[in-house]
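Data block for structure_19.csv (CSV, C-alpha atoms and all ligand atoms):
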chain,number,residue,atom,x,y,z
A,1,MET,CA,-28.0,-11.4,-16.4
A,2,PRO,CA,-27.6,-7.9,-15.0
A,3,GLN,CA,-24.7,-5.9,-16.5
A,4,MET,CA,-22.1,-3.5,-15.1
A,5,LYS,CA,-19.5,-1.1,-16.5
A,6,ALA,CA,-15.8,-1.8,-15.9
A,7,ILE,CA,-12.6,-0.1,-17.0
A,8,GLY,CA,-9.8,-2.2,-18.3
A,9,PHE,CA,-7.2,-2.8,-21.0
A,10,THR,CA,-6.5,-5.3,-23.7
A,11,GLN,CA,-3.0,-4.1,-24.5
A,12,HIS,CA,-0.2,-2.8,-22.3
A,13,LEU,CA,0.0,0.7,-23.7
A,14,PRO,CA,1.6,4.0,-22.4
A,15,ILE,CA,-0.9,5.9,-20.3
A,16,SER,CA,-0.8,8.8,-22.9
A,17,ASP,CA,-2.3,6.4,-25.5
A,18,PRO,CA,-6.1,7.0,-25.9
A,19,ASN,CA,-6.6,3.2,-25.7
A,20,SER,CA,-4.6,2.6,-22.5
A,21,PHE,CA,-7.9,2.2,-20.7
A,22,GLN,CA,-11.3,1.5,-22.1
A,23,THR,CA,-14.8,1.2,-20.6
A,24,PHE,CA,-16.7,-1.9,-21.4
A,25,THR,CA,-19.7,-3.9,-20.1
A,26,GLU,CA,-19.7,-7.3,-18.4
A,27,GLU,CA,-22.0,-9.4,-16.2
A,28,ILE,CA,-22.3,-8.5,-12.5
A,29,PRO,CA,-20.7,-11.6,-10.8
A,30,THR,CA,-22.5,-13.7,-8.2
A,31,PRO,CA,-20.9,-14.1,-4.7
A,32,LYS,CA,-20.2,-17.7,-3.5
A,33,ASN,CA,-18.7,-19.1,-0.3
A,34,HIS,CA,-16.7,-16.3,1.5
A,35,ASP,CA,-17.2,-13.7,-1.2
A,36,LEU,CA,-18.9,-10.3,-0.8
A,37,LEU,CA,-20.3,-8.5,-3.9
A,38,VAL,CA,-19.4,-4.8,-3.3
A,39,LYS,CA,-20.6,-1.8,-5.2
A,40,VAL,CA,-17.4,0.3,-5.5
A,41,ILE,CA,-17.7,3.9,-4.5
A,42,ALA,CA,-14.1,5.0,-4.2
A,43,THR,CA,-10.7,3.6,-5.4
A,44,SER,CA,-7.2,4.7,-5.7
A,45,VAL,CA,-4.1,4.0,-7.8
A,46,ASN,CA,-0.9,2.5,-6.5
A,47,PRO,CA,2.4,1.8,-8.2
A,48,VAL,CA,1.3,-1.9,-8.6
A,49,ASP,CA,-1.5,-0.6,-11.0
A,50,ILE,CA,1.2,1.0,-13.1
A,51,GLY,CA,3.3,-2.1,-13.2
A,52,VAL,CA,0.5,-4.5,-14.1
A,53,ARG,CA,-0.9,-2.1,-16.8
A,54,GLY,CA,2.4,-1.1,-18.3
A,55,HIS,CA,4.4,-4.3,-18.3
A,56,GLY,CA,3.4,-7.1,-20.6
A,57,ARG,CA,3.3,-7.8,-24.3
A,58,GLY,CA,0.8,-8.6,-26.9
A,59,ALA,CA,-3.0,-8.3,-26.9
A,60,LEU,CA,-5.1,-9.9,-24.2
A,61,LYS,CA,-8.1,-12.1,-25.2
A,62,GLN,CA,-10.3,-10.5,-22.5
A,63,PRO,CA,-10.1,-7.0,-21.1
A,64,LYS,CA,-8.1,-7.0,-17.8
A,65,VAL,CA,-9.6,-5.1,-15.0
A,66,ILE,CA,-7.2,-3.9,-12.3
A,67,GLY,CA,-7.5,-1.6,-9.3
A,68,TRP,CA,-6.8,-2.8,-5.7
A,69,ASP,CA,-7.9,-0.2,-3.2
A,70,ALA,CA,-11.6,0.1,-2.7
A,71,TYR,CA,-14.3,1.6,-0.5
A,72,GLY,CA,-17.9,0.4,-1.1
A,73,ILE,CA,-21.2,-1.1,0.1
A,74,VAL,CA,-21.9,-4.8,0.3
A,75,THR,CA,-24.8,-5.6,-1.9
A,76,GLN,CA,-24.9,-9.5,-1.7
A,77,VAL,CA,-23.0,-12.1,0.3
A,78,GLY,CA,-21.9,-15.7,-0.4
A,79,ASN,CA,-23.3,-18.7,1.6
A,80,LYS,CA,-20.3,-18.9,4.0
A,81,VAL,CA,-20.0,-15.2,4.8
A,82,SER,CA,-20.1,-14.6,8.6
A,83,LEU,CA,-18.3,-11.3,9.1
A,84,PHE,CA,-20.4,-8.9,7.0
A,85,LYS,CA,-24.0,-8.4,5.8
A,86,LYS,CA,-25.8,-6.5,3.0
A,87,ASN,CA,-25.4,-2.7,3.2
A,88,ASP,CA,-22.2,-2.9,5.3
A,89,ARG,CA,-19.7,-0.2,4.4
A,90,VAL,CA,-16.3,-1.8,3.7
A,91,PHE,CA,-12.8,-1.1,2.6
A,92,TYR,CA,-10.1,-3.5,1.3
A,93,ALA,CA,-7.0,-3.9,-1.0
A,94,GLY,CA,-8.2,-7.0,-2.8
A,95,SER,CA,-6.2,-9.9,-4.3
A,96,PHE,CA,-3.5,-9.9,-6.9
A,97,ILE,CA,-5.2,-12.7,-8.9
A,98,ARG,CA,-8.8,-11.5,-9.1
A,99,SER,CA,-10.6,-8.9,-11.1
A,100,GLY,CA,-10.1,-5.4,-9.7
A,101,SER,CA,-11.9,-2.4,-8.3
A,102,ASP,CA,-11.9,-0.3,-11.5
A,103,SER,CA,-15.5,-1.6,-12.0
A,104,GLU,CA,-19.0,-0.9,-10.7
A,105,TYR,CA,-19.1,-4.1,-8.7
A,106,GLN,CA,-16.4,-6.4,-7.4
A,107,LEU,CA,-16.1,-9.8,-5.6
A,108,VAL,CA,-13.8,-9.9,-2.6
A,109,ASP,CA,-13.2,-12.5,0.1
A,110,GLU,CA,-14.5,-11.3,3.4
A,111,ARG,CA,-11.3,-12.4,5.2
A,112,ILE,CA,-9.4,-9.5,3.6
A,113,VAL,CA,-12.0,-6.9,4.1
A,114,GLY,CA,-12.5,-4.4,7.0
A,115,HIS,CA,-15.5,-2.4,8.2
A,116,ALA,CA,-15.0,1.1,6.9
A,117,PRO,CA,-14.3,4.1,9.2
A,118,MET,CA,-17.4,6.0,10.1
A,119,THR,CA,-16.0,9.6,10.1
A,120,LEU,CA,-14.1,9.9,6.8
A,121,THR,CA,-15.4,10.6,3.3
A,122,PRO,CA,-15.4,7.7,0.8
A,123,VAL,CA,-12.4,9.0,-1.1
A,124,GLU,CA,-10.4,9.6,2.1
A,125,ILE,CA,-11.2,5.9,3.0
A,126,GLY,CA,-10.6,4.6,-0.5
A,127,VAL,CA,-6.9,5.6,-0.5
A,128,MET,CA,-6.0,3.8,2.7
A,129,PRO,CA,-6.3,0.0,2.6
A,130,LEU,CA,-3.3,-1.1,0.5
A,131,THR,CA,-0.8,1.2,2.0
A,132,SER,CA,-2.1,0.6,5.5
A,133,LEU,CA,-1.9,-3.2,5.2
A,134,THR,CA,1.6,-2.9,3.8
A,135,ALA,CA,2.9,-0.6,6.4
A,136,TRP,CA,1.3,-2.5,9.3
A,137,GLU,CA,2.5,-5.9,8.1
A,138,ALA,CA,6.0,-4.5,7.5
A,139,LEU,CA,6.4,-2.9,10.9
A,140,PHE,CA,4.5,-5.3,13.2
A,141,GLU,CA,4.8,-8.7,11.4
A,142,ARG,CA,8.0,-8.7,9.4
A,143,LEU,CA,10.1,-6.3,11.6
A,144,ARG,CA,8.3,-7.7,14.6
A,145,ILE,CA,8.0,-4.4,16.3
A,146,ASN,CA,5.7,-4.7,19.3
A,147,ARG,CA,3.3,-1.8,18.8
A,148,ASN,CA,2.2,-1.7,22.4
A,149,ALA,CA,5.7,-1.5,23.9
A,150,LYS,CA,6.0,2.2,23.6
A,151,ALA,CA,8.6,2.7,26.4
A,152,GLU,CA,10.9,0.1,24.8
A,153,ASN,CA,10.3,1.4,21.3
A,154,ALA,CA,11.2,5.0,22.4
A,155,GLN,CA,14.8,3.7,22.7
A,156,LYS,CA,14.8,2.5,19.1
A,157,THR,CA,15.3,4.2,15.7
A,158,LEU,CA,13.5,3.4,12.5
A,159,LEU,CA,14.7,4.7,9.1
A,160,ILE,CA,12.0,4.9,6.5
A,161,ILE,CA,13.4,5.3,3.0
A,162,ASN,CA,10.6,7.1,1.0
A,163,GLY,CA,8.7,8.7,3.8
A,164,SER,CA,6.5,10.8,1.6
A,165,GLY,CA,4.9,8.2,-0.8
A,166,GLY,CA,1.7,6.2,-0.1
A,167,VAL,CA,3.2,3.5,2.1
A,168,GLY,CA,5.7,5.8,3.9
A,169,SER,CA,2.9,8.2,4.8
A,170,VAL,CA,1.1,5.5,6.8
A,171,ALA,CA,4.2,3.8,8.1
A,172,THR,CA,5.5,7.1,9.6
A,173,GLN,CA,2.2,7.6,11.4
A,174,LEU,CA,2.1,4.0,12.7
A,175,ALA,CA,5.7,4.0,13.8
A,176,HIS,CA,5.2,7.3,15.6
A,177,LEU,CA,2.1,5.9,17.3
A,178,ALA,CA,4.2,2.9,18.4
A,179,GLY,CA,6.6,5.3,20.1
A,180,LEU,CA,9.6,4.8,17.8
A,181,GLN,CA,12.1,7.5,16.9
A,182,VAL,CA,11.3,8.0,13.2
A,183,ILE,CA,13.8,9.2,10.6
A,184,ALA,CA,11.9,9.5,7.3
A,185,SER,CA,13.4,10.3,4.0
A,186,ALA,CA,12.1,13.3,2.0
A,187,SER,CA,13.9,15.4,-0.6
A,188,ARG,CA,11.8,18.5,-1.2
A,189,PRO,CA,10.4,21.3,1.1
A,190,GLN,CA,6.8,20.0,0.5
A,191,THR,CA,7.7,16.4,1.3
A,192,ILE,CA,9.7,17.4,4.4
A,193,LYS,CA,6.7,19.3,5.7
A,194,TRP,CA,4.4,16.3,4.9
A,195,VAL,CA,6.5,13.6,6.6
A,196,LYS,CA,6.9,15.9,9.7
A,197,GLN,CA,3.1,16.3,9.8
A,198,ASN,CA,2.9,12.5,9.7
A,199,GLY,CA,5.1,12.2,12.8
A,200,ALA,CA,8.7,12.0,11.6
A,201,ASP,CA,11.2,13.2,14.2
A,202,TRP,CA,13.9,13.8,11.7
A,203,THR,CA,14.2,13.9,7.9
A,204,VAL,CA,17.0,12.8,5.5
A,205,ASN,CA,17.3,13.3,1.8
A,206,HIS,CA,17.1,10.0,-0.2
A,207,HIS,CA,18.7,11.7,-3.2
A,208,ALA,CA,21.9,12.3,-1.2
A,209,ASN,CA,24.0,9.7,0.5
A,210,LEU,CA,21.9,8.3,3.3
A,211,VAL,CA,24.9,7.2,5.4
A,212,THR,CA,26.1,10.8,5.5
A,213,GLU,CA,22.6,12.1,6.1
A,214,VAL,CA,21.8,9.8,9.0
A,215,ARG,CA,25.2,10.3,10.6
A,216,LYS,CA,24.8,14.1,10.4
A,217,LEU,CA,21.8,13.6,12.7
A,218,GLY,CA,24.1,11.9,15.3
A,219,PHE,CA,23.0,8.3,14.7
A,220,HIS,CA,25.8,5.9,13.8
A,221,TYR,CA,23.4,2.9,13.3
A,222,VAL,CA,19.6,2.5,13.2
A,223,ASP,CA,17.7,-0.4,14.8
A,224,TYR,CA,15.2,-0.9,11.9
A,225,ILE,CA,15.1,0.1,8.2
A,226,LEU,CA,12.0,0.1,6.1
A,227,ASN,CA,12.9,0.4,2.4
A,228,LEU,CA,10.0,1.7,0.2
A,229,ASN,CA,11.8,2.7,-3.0
A,230,ASP,CA,14.8,1.6,-5.1
A,231,LEU,CA,16.2,-1.3,-3.0
A,232,ASP,CA,19.2,-1.7,-5.4
A,233,GLY,CA,20.1,1.9,-5.2
A,234,HIS,CA,19.9,2.1,-1.4
A,235,TRP,CA,21.3,-1.4,-0.5
A,236,ASN,CA,24.9,-0.4,0.4
A,237,GLU,CA,23.6,2.4,2.5
A,238,ILE,CA,21.1,0.0,4.3
A,239,ALA,CA,23.9,-2.5,5.0
A,240,GLU,CA,26.1,0.2,6.4
A,241,LEU,CA,23.5,1.9,8.5
A,242,ILE,CA,21.7,-1.1,10.1
A,243,LYS,CA,22.7,-1.8,13.7
A,244,PRO,CA,24.3,-5.1,14.5
A,245,GLU,CA,21.3,-7.5,15.2
A,246,GLY,CA,19.0,-5.0,13.6
A,247,ALA,CA,16.2,-5.8,11.1
A,248,VAL,CA,15.6,-4.6,7.5
A,249,CYS,CA,12.3,-4.9,5.6
A,250,ALA,CA,11.9,-4.1,1.9
A,251,ILE,CA,8.7,-3.9,-0.2
A,252,THR,CA,10.2,-3.2,-3.6
A,253,GLU,CA,11.7,-6.0,-5.7
A,254,ASN,CA,15.3,-5.6,-6.5
A,255,LYS,CA,16.2,-5.4,-10.2
A,256,ARG,CA,19.8,-6.7,-9.7
A,257,GLY,CA,21.0,-9.2,-7.1
A,258,ILE,CA,21.4,-7.8,-3.6
A,259,ASP,CA,24.4,-8.9,-1.6
A,260,LEU,CA,23.0,-10.4,1.6
A,261,GLN,CA,26.5,-11.2,2.7
A,262,LYS,CA,26.8,-7.5,3.6
A,263,LEU,CA,24.6,-8.3,6.7
A,264,THR,CA,26.4,-11.5,7.8
A,265,LYS,CA,28.8,-10.1,10.4
A,266,LYS,CA,26.1,-7.9,11.8
A,267,ALA,CA,23.7,-10.8,12.1
A,268,ALA,CA,21.1,-8.4,10.8
A,269,SER,CA,17.9,-9.9,9.4
A,270,PHE,CA,16.3,-9.1,6.0
A,271,ASN,CA,12.6,-9.5,5.4
A,272,TRP,CA,10.3,-9.1,2.5
A,273,GLU,CA,6.8,-7.6,2.7
A,274,TRP,CA,4.3,-8.3,0.0
A,275,MET,CA,0.8,-7.2,0.8
A,276,TYR,CA,-0.8,-9.9,-1.4
A,277,THR,CA,1.0,-12.9,0.2
A,278,LYS,CA,-1.9,-13.8,2.4
A,279,SER,CA,-4.6,-13.8,-0.2
A,280,TYR,CA,-2.3,-15.2,-3.0
A,281,TYR,CA,-1.4,-18.3,-1.0
A,282,HIS,CA,-4.5,-18.4,1.2
A,283,THR,CA,-2.1,-18.5,4.3
A,284,ASP,CA,-3.4,-19.7,7.6
A,285,ASP,CA,-3.4,-16.1,8.9
A,286,MET,CA,-5.2,-14.6,5.9
A,287,ILE,CA,-8.0,-13.3,8.1
A,288,SER,CA,-5.5,-11.1,9.9
A,289,GLN,CA,-6.0,-8.6,7.0
A,290,HIS,CA,-9.6,-8.3,8.1
A,291,GLU,CA,-8.4,-7.6,11.7
A,292,ILE,CA,-5.8,-5.1,10.6
A,293,LEU,CA,-8.2,-3.1,8.5
A,294,ASP,CA,-10.8,-3.0,11.4
A,295,ARG,CA,-8.0,-1.7,13.6
A,296,ILE,CA,-7.0,0.9,11.0
A,297,ALA,CA,-10.6,2.0,10.8
A,298,GLN,CA,-10.7,2.5,14.6
A,299,LEU,CA,-7.4,4.5,14.5
A,300,LEU,CA,-8.8,6.7,11.7
A,301,ASP,CA,-12.1,7.3,13.6
A,302,SER,CA,-10.2,8.2,16.8
A,303,GLY,CA,-8.0,10.6,14.9
A,304,ASP,CA,-4.8,8.8,15.9
A,305,LEU,CA,-4.3,8.2,12.2
A,306,HIS,CA,-5.2,10.5,9.3
A,307,SER,CA,-6.1,9.8,5.7
A,308,THR,CA,-3.1,10.3,3.3
A,309,LEU,CA,-5.3,11.6,0.5
A,310,THR,CA,-3.7,14.6,-1.2
A,311,LYS,CA,-5.5,14.6,-4.6
A,312,SER,CA,-9.1,13.7,-5.3
A,313,LEU,CA,-10.7,13.0,-8.7
A,314,LYS,CA,-14.3,12.3,-9.6
A,315,PRO,CA,-16.2,10.3,-11.0
A,316,ILE,CA,-14.6,6.9,-11.5
A,317,ASN,CA,-14.2,6.8,-15.3
A,318,ASP,CA,-11.4,6.1,-17.8
A,319,VAL,CA,-10.4,9.8,-18.0
A,320,ASN,CA,-9.8,10.1,-14.3
A,321,LEU,CA,-8.2,6.7,-14.0
A,322,LYS,CA,-5.7,7.7,-16.7
A,323,GLU,CA,-4.9,11.0,-14.8
A,324,ALA,CA,-4.4,9.1,-11.6
A,325,HIS,CA,-2.0,6.6,-13.3
A,326,ARG,CA,-0.1,9.5,-14.9
A,327,LEU,CA,0.4,11.1,-11.5
A,328,VAL,CA,1.6,7.9,-9.8
A,329,GLU,CA,3.9,7.1,-12.7
A,330,THR,CA,5.9,10.2,-12.1
A,331,ASN,CA,7.4,8.5,-8.9
A,332,HIS,CA,7.0,11.8,-7.1
A,333,MET,CA,3.6,11.4,-5.4
A,334,ILE,CA,3.1,12.9,-2.0
A,335,GLY,CA,0.5,10.7,-0.1
A,336,LYS,CA,-2.2,9.3,-2.3
A,337,VAL,CA,-4.5,10.1,-5.2
A,338,GLY,CA,-8.1,8.8,-4.9
A,339,ILE,CA,-11.1,8.6,-7.3
A,340,SER,CA,-14.7,8.4,-6.2
A,341,ASN,CA,-18.3,8.5,-7.4
A,342,ASP,CA,-19.4,10.1,-4.2
B,401,LIG,N1,5.4,-5.2,-1.4
B,401,LIG,C1,4.2,-4.6,-1.2
B,401,LIG,O1,3.3,-5.2,-0.7
B,401,LIG,C2,4.1,-3.2,-1.7
B,401,LIG,C3,2.9,-2.5,-1.4
B,401,LIG,C4,2.8,-1.2,-1.8
B,401,LIG,C5,3.8,-0.6,-2.6
B,401,LIG,N2,4.9,-1.4,-3.0
B,401,LIG,C6,5.9,-0.8,-3.8
B,401,LIG,O2,6.6,0.1,-2.9
B,401,LIG,C7,7.0,1.3,-3.7
B,401,LIG,C8,6.5,2.5,-3.0
B,401,LIG,O3,5.1,2.5,-3.1
B,401,LIG,P1,4.3,3.9,-2.7
B,401,LIG,O4,2.9,3.7,-3.0
B,401,LIG,O5,4.7,4.3,-1.3
B,401,LIG,O6,5.0,4.8,-3.7
B,401,LIG,P2,4.8,6.3,-4.2
B,401,LIG,O7,3.7,6.9,-3.4
B,401,LIG,O8,4.7,6.3,-5.7
B,401,LIG,O9,6.3,6.9,-3.9
B,401,LIG,C9,6.5,8.2,-4.4
B,401,LIG,C10,7.7,8.8,-3.6
B,401,LIG,O10,8.9,8.1,-3.8
B,401,LIG,C11,9.9,9.0,-3.6
B,401,LIG,N3,11.2,8.5,-4.2
B,401,LIG,C12,11.5,8.6,-5.5
B,401,LIG,N4,12.7,8.1,-5.8
B,401,LIG,C13,13.2,7.6,-4.6
B,401,LIG,C14,14.3,7.0,-4.2
B,401,LIG,N5,15.3,6.7,-5.0
B,401,LIG,N6,14.5,6.7,-2.9
B,401,LIG,C15,13.5,7.0,-2.0
B,401,LIG,N7,12.4,7.6,-2.3
B,401,LIG,C16,12.2,7.9,-3.6
B,401,LIG,C17,9.4,10.3,-4.1
B,401,LIG,O11,10.1,11.4,-3.4
B,401,LIG,P3,10.8,12.5,-4.2
B,401,LIG,O12,9.8,13.0,-5.3
B,401,LIG,O13,11.0,13.6,-3.2
B,401,LIG,O14,12.0,12.0,-4.8
B,401,LIG,C18,7.9,10.3,-3.9
B,401,LIG,O15,7.5,11.1,-2.9
B,401,LIG,C19,6.6,1.1,-5.1
B,401,LIG,O16,7.6,0.5,-5.8
B,401,LIG,C20,5.5,0.0,-5.0
B,401,LIG,O17,5.3,-0.8,-6.1
B,401,LIG,C21,5.0,-2.6,-2.6

Spell out the structure here as structure tokens.
Ligand SMILES: NC(=O)c1ccc[n+]([C@@H]2O[C@H](COP(=O)([O-])OP(=O)(O)OC[C@H]3O[C@@H](n4cnc5c(N)ncnc54)[C@H](OP(=O)(O)O)[C@@H]3O)[C@@H](O)[C@H]2O)c1
Amino acid sequence: MPQMKAIGFTQHLPISDPNSFQTFTEEIPTPKNHDLLVKVIATSVNPVDIGVRGHGRGALKQPKVIGWDAYGIVTQVGNKVSLFKKNDRVFYAGSFIRSGSDSEYQLVDERIVGHAPMTLTPVEIGVMPLTSLTAWEALFERLRINRNAKAENAQKTLLIINGSGGVGSVATQLAHLAGLQVIASASRPQTIKWVKQNGADWTVNHHANLVTEVRKLGFHYVDYILNLNDLDGHWNEIAELIKPEGAVCAITENKRGIDLQKLTKKAASFNWEWMYTKSYYHTDDMISQHEILDRIAQLLDSGDLHSTLTKSLKPINDVNLKEAHRLVETNHMIGKVGISND
């Protein structure tokens, strides 16, 4: 059987440990049914990579290969594949329960894959899928913002808590395109500049009290809140700032209990977004991730959306993967770090 290189781990070690990632050899898998076999050309690191690598105990029997974002070329297709063919350029964020993109080749279900943009470099593309899917689903599916109702949206305010990270950098652009008034949180001169470049109308500092910060801008309440960091820490501010009948979406799990009763009198809704839900449960609308990524590719090609790449490493190897993990672990990323073989 043909072999490939993959980077993975057998123990959950700190990233500074020389054995936190190792390169090993395994068989190239064969695609069946709806699967594509993709030669991975670019990938990126998200906080989920840090969580899965870092949290866990004991030694694993098999090396675990993670990595979710990917850009690559289709080299083989399964017998039920209808959306793609060999040599297609693709991008995707993969599944939580399958082997990841930190490898030369990877299997992925065609229903969660998009045709790659034509005008960007591999590493610019490779940083986009996971954060774009998360931001799109949060805004347009969970918060139910109608992205085509620009005139109506222009009357509405959205507060994005963590505007400068991976997800916030795409969410700010998408919300701006949909016509919303966007208040994005950023705490440093570089991040304030970055979120404004992404289309934020106002900025607030998430390390200060957000109620005071937002009210200083002249808004008593906001129509929508998208929470992208430290839900526990920001919960009381969210409950205070959300408009009666408004909607909140969070993407980060709370560590303690959050008191939903704080939203009762306002009849405000609370929604979770988990980018993996569709592929994890094979939901009826799983193919919508294919459609979203195709739409994201069009927006990137038309220049309506720009890549959030801020740091590029090459090639894809254990040294660069460790460096990308180290950067994301700081919790101070601006935009995204990508790694490519291109
Ligand atoms: N549910 C899902 O599907 C999903 C998908 C993607 C990500 N996530 C989760 O969402 C979170 C954000 O992901 P990401 O990729 O956007 O993160 P990221 O790029 O690592 O976020 C880094 C940014 O977070 C800001 N930050 C730090 N502490 C903060 C705080 N207390 N409040 C607000 N912002 C703060 C930092 O700004 P300063 O340096 O200026 O403080 C930094 O710019 C992670 O926890 C990730 O696991 C969930």

Quick one: residues within 6 Å of ligand LIG 401 (chain B), with only C-alpha atoms and all ligand atoms, as a compact mmCIF listing (two decimals) with C-alpha atoms, in the coordinates of the input?
# COMPACT_ATOMS: atom_id res chain seq x y z
CA ASN A 46 -0.90 2.50 -6.50
CA PRO A 47 2.40 1.80 -8.20
CA VAL A 48 1.30 -1.90 -8.60
CA THR A 131 -0.80 1.20 2.00
CA THR A 134 1.60 -2.90 3.80
CA ILE A 161 13.40 5.30 3.00
CA ASN A 162 10.60 7.10 1.00
CA SER A 164 6.50 10.80 1.60
CA GLY A 165 4.90 8.20 -0.80
CA GLY A 166 1.70 6.20 -0.10
CA VAL A 167 3.20 3.50 2.10
CA GLY A 168 5.70 5.80 3.90
CA ALA A 186 12.10 13.30 2.00
CA SER A 187 13.90 15.40 -0.60
CA ARG A 188 11.80 18.50 -1.20
CA HIS A 206 17.10 10.00 -0.20
CA LEU A 228 10.00 1.70 0.20
CA ASN A 229 11.80 2.70 -3.00
CA ASP A 230 14.80 1.60 -5.10
CA ILE A 251 8.70 -3.90 -0.20
CA THR A 252 10.20 -3.20 -3.60
CA GLU A 273 6.80 -7.60 2.70
CA TRP A 274 4.30 -8.30 0.00
CA MET A 275 0.80 -7.20 0.80
CA VAL A 328 1.60 7.90 -9.80
CA ASN A 331 7.40 8.50 -8.90
CA HIS A 332 7.00 11.80 -7.10
CA MET A 333 3.60 11.40 -5.40
CA ILE A 334 3.10 12.90 -2.00
CA GLY A 335 0.50 10.70 -0.10

Query - Among the residues A:Val108, A:Ile97, A:Ala200, A:Leu309, the one that comes closest to Asp35 in chain A [using only C-alpha atoms] - result: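 Answer, going by the shortest atom-to-atom distance: A:Val108.
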
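Using only C-alpha atoms, the shortest contact distance between Gly56 in chain A and any of A:Ala93, A:Met286, A:Ala42, A:Leu13 is found at A:Leu13.
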
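The shortest atom-to-atom distance to Arg53 in chain A, with only C-alpha atoms taken into account, belongs to A:Leu321 out of A:Leu174, A:Leu210, A:Ala138, A:Leu321.
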
Query raised in the report: Using only C-alpha atoms, which residue out of A:Asp49, A:Glu240, A:Asp201, A:Asp88 lies closest to Ile66 in chain A?
Result: A:Asp49

Requested in this report: Just give me the gap between CA of Ile287 in chain A and CA of Val74 in chain A in Å, one decimal is fine.
Outcome: 18.1 Å

**Report entry** Among listed residues A:Leu241, A:Ile183, A:Ile145, A:Leu226, nearest Phe270 in chain A (using all atoms listed in the file)
**Finding:** A:Leu226

Requested in this report: Determine the nearest neighbour of Val77 in chain A from the options A:Asn33, A:Gln106, A:Thr203, A:Asn317, counting all atoms listed in the file.
Outcome: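 Ranked by minimum distance to Val77 in chain A, first place goes to A:Asn33.
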
Report task. Rounded to one decimal place, report the CA of Phe21 in chain A-CA of Tyr71 in chain A distance in Å. Result ->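 Rounded to one decimal, the two atoms are 21.2 Å apart.
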
Query - Å distance separating CA of Lys32 in chain A from CA of Lys61 in chain A, one decimal place - result: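 That distance, rounded to one decimal, is 25.5 Å.
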
Requested in this report: Name all residues at most 10 Å from range 83-86 of chain A (count all atoms listed in the file; drop same-chain ones fewer than 5 positions away) and give them as number ranges by chain.
Outcome: A: 34, 36-38, 73-78, 110-111, 113-115, 290
